[in-house]
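Everything on this sheet refers to the single structure shown next.
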Amino acid sequence: MEITCRSMQESDLPLMLAWRLNPKVGAGLTPGKQAPTWDEHRSWWRRREGRVDWIIEAETDDFGKRPVGSVNARLGGLEPEIGVFVGETTLWGRGVARAAIDQLCAWLAAQGHVAVVATIAKSNERSRRLLQGCGFARVQATAPDTIRVRRELRAGQAAANVPRHRGVLSRLLPRE
Ligand SMILES: CC(C)(COP(=O)(O)OP(=O)(O)OC[C@H]1O[C@@H](n2cnc3c(N)ncnc32)[C@H](O)[C@@H]1OP(=O)(O)O)[C@@H](O)C(=O)NCCC(=O)NCCS
């Protein structure tokens with residue numbers, strides 16, 4: 001199974017919402033908050049700026065590519081903040097999120113960013129271990145129930161990763 005990413009399009013909105021409405025996914029993304037309605041979700045898409053949203057695709061010989069999740073980066077500051085979810089929850093634990101984060105980090109490094117950060121709920125053990133495995137280290141507690149983690153992006157890492165994902169990267173982000 002090969003994992004690649006492409007830019008999210010407006011036509012991906014219904015699938016994104018369906019994934020988010022799964023309590024298993026929603027609990028990790030916005031713990032304690034109500035799931036968004038269609039109108040809220042659509043309005044988020046229309047208002048969003050300074051961020052990139054990619055659809056994660058899994059490719060198998062018997063079907064080709066199918067969307068399985070999403071990864072994003074908010075680019076406002078010097079150090080972009082990333083987020084990820086795998087909507088096809090039966091794929092959890094198979095390295096999908098890790099592959100997507102690696103591709104996003106390679107792209108961010110190629111754009112000149114030197115580090116990325118993420119905020120995770122303390123209760124989200126899966127996400128904590130995922131980011132730890134991706135090379136993120138804890139930097140500070142932002143609130144009683146969240147943890148801030150950070151990963152440095154080395155120029156060498158980008159150079160090593162970019163050729164492998166060149167076909168993907170060249171198709172990414174036409175709209176941001
Ligand atoms: C968190 C999430 C993105 C992980 O996706 P995933 O594709 O299962 O992650 P991966 O398979 O790439 O796993 C990478 C690492 O996560 C950890 N992990 C995987 N399965 C795990 C499990 N069952 N329990 C605890 N940690 C686990 C491991 O450290 C794993 O590395 P390893 O394979 O070397 O042990 C996914 O569970 C999800 O979408 N959760 C809901 C949304 C969410 O919490 N997003 C994160 C917000 S920052």
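Lettering and numbering for the structure tokens are positional, with chains as A, B, ... in the shown order, residues counted from 1 in each chain, and ligands counted from 1 in the shown order.
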Given 8 Å and only C-alpha atoms and all ligand atoms, residues near ligand 1 as a PyMOL selection string: chain A and resi 24-29+69+82-87+89+91-99+118-121+124-134
Would you save the residues from that selection as a CSV table (one decimal), in the first residue's frame, using C-alpha atoms?
```
chain,number,residue,atom,x,y,z
A,24,LYS,CA,-13.4,8.0,17.1
A,25,VAL,CA,-11.9,10.6,14.8
A,26,GLY,CA,-13.7,13.6,16.3
A,27,ALA,CA,-12.6,12.8,19.8
A,28,GLY,CA,-8.9,13.0,18.8
A,29,LEU,CA,-9.4,16.2,16.7
A,69,GLY,CA,-7.6,10.8,5.7
A,82,ILE,CA,0.4,20.5,11.7
A,83,GLY,CA,-2.6,18.3,12.3
A,84,VAL,CA,-3.6,14.9,10.9
A,85,PHE,CA,-6.3,12.3,11.0
A,86,VAL,CA,-7.0,8.9,9.3
A,87,GLY,CA,-10.7,8.7,8.5
A,89,THR,CA,-10.1,3.9,11.0
A,91,LEU,CA,-6.2,1.5,8.7
A,92,TRP,CA,-5.1,2.8,12.1
A,93,GLY,CA,-1.7,1.4,13.2
A,94,ARG,CA,-0.5,0.7,9.6
A,95,GLY,CA,1.8,3.8,9.2
A,96,VAL,CA,-0.6,6.0,7.2
A,97,ALA,CA,-0.4,9.0,9.4
A,98,ARG,CA,3.4,8.7,9.8
A,99,ALA,CA,3.9,8.6,6.0
A,118,ALA,CA,1.8,20.3,16.9
A,119,THR,CA,-0.6,20.5,19.8
A,120,ILE,CA,-2.0,17.3,21.2
A,121,ALA,CA,-4.5,16.3,23.9
A,124,ASN,CA,-4.5,11.2,23.0
A,125,GLU,CA,-1.9,8.4,23.5
A,126,ARG,CA,-2.0,7.3,19.9
A,127,SER,CA,-1.3,10.8,18.6
A,128,ARG,CA,1.4,11.3,21.2
A,129,ARG,CA,3.2,8.1,20.1
A,130,LEU,CA,2.7,8.9,16.5
A,131,LEU,CA,4.4,12.3,16.8
A,132,GLN,CA,7.1,11.0,19.0
A,133,GLY,CA,7.8,8.3,16.4
A,134,CYS,CA,7.9,11.1,13.7
```
Residues within 12 Å of Pro14 of chain A, only C-alpha atoms, excluding chain neighbours under 3 positions, as JSON, numbers by chain: {"A": [8, 9, 10, 11, 17, 18, 19, 20, 21, 36, 37, 38, 39, 41, 42, 45]}
Spatial neighbours of Lys122 of chain A, 9 Å, only C-alpha atoms, chain gap at least 4 places, as a ChimeraX atom specification: /A:128,144-147
Dump of N, CA and C atoms for the selected residues, as a compact mmCIF listing (two decimals), in the first residue's frame:
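What follows is the written file again_7.txt:
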```txt
# COMPACT_ATOMS: atom_id res chain seq x y z
N ARG A 128 0.16 11.02 20.51
CA ARG A 128 1.42 11.32 21.19
C ARG A 128 2.53 10.39 20.69
N PRO A 144 -3.76 22.88 30.61
CA PRO A 144 -3.69 21.70 31.49
C PRO A 144 -3.83 20.38 30.75
N ASP A 145 -4.61 20.36 29.68
CA ASP A 145 -4.84 19.07 29.03
C ASP A 145 -4.23 18.93 27.65
N THR A 146 -3.31 19.83 27.28
CA THR A 146 -2.65 19.67 25.97
C THR A 146 -1.13 19.72 26.10
N ILE A 147 -0.47 19.19 25.10
CA ILE A 147 0.99 19.18 25.06
C ILE A 147 1.42 19.77 23.71
```
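Selecting helix (DSSP H, G or I) from the backbone DSSP output for segment 106-137 of chain A yields A:Ala106, A:Trp107, A:Leu108, A:Ala109, A:Ala110, A:Glu125, A:Arg126, A:Ser127, A:Arg128, A:Arg129, A:Leu130, A:Leu131, A:Gln132, A:Gly133.
Listed by chain and then by rising number, the residues of segment 19-86 of chain A that DSSP assigns to strand (DSSP E or B) from the backbone are Arg51, Val52, Asp53, Trp54, Ile55, Ile56, Glu57, Ala58, Glu59, Thr60, Gly64, Lys65, Arg66, Pro67, Val68, Gly69, Ser70, Val71, Asn72, Ala73, Arg74, Glu81, Ile82, Gly83, Val84, Phe85 and Val86 of chain A.
Taking atom CA of Arg148 of chain A and atom CA of Val117 of chain A as the two end points, the separation is 7.0 Å.
Atom CA of Glu49 of chain A to atom CA of Leu104 of chain A spans 17.6 Å [interatomic distance, one decimal].
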Distance of atom CA of Ala100 of chain A from atom CA of Val52 of chain A, expressed in Å to one decimal place: 13.2 Å
Contact residues around Pro80 of chain A with only C-alpha atoms at 9 Å, ignoring same-chain residues under 6 positions, as a list in words: Arg51, Ala73, Arg74, Leu108, His113, Ala115, Val116, Val117 and Ala118 of chain A
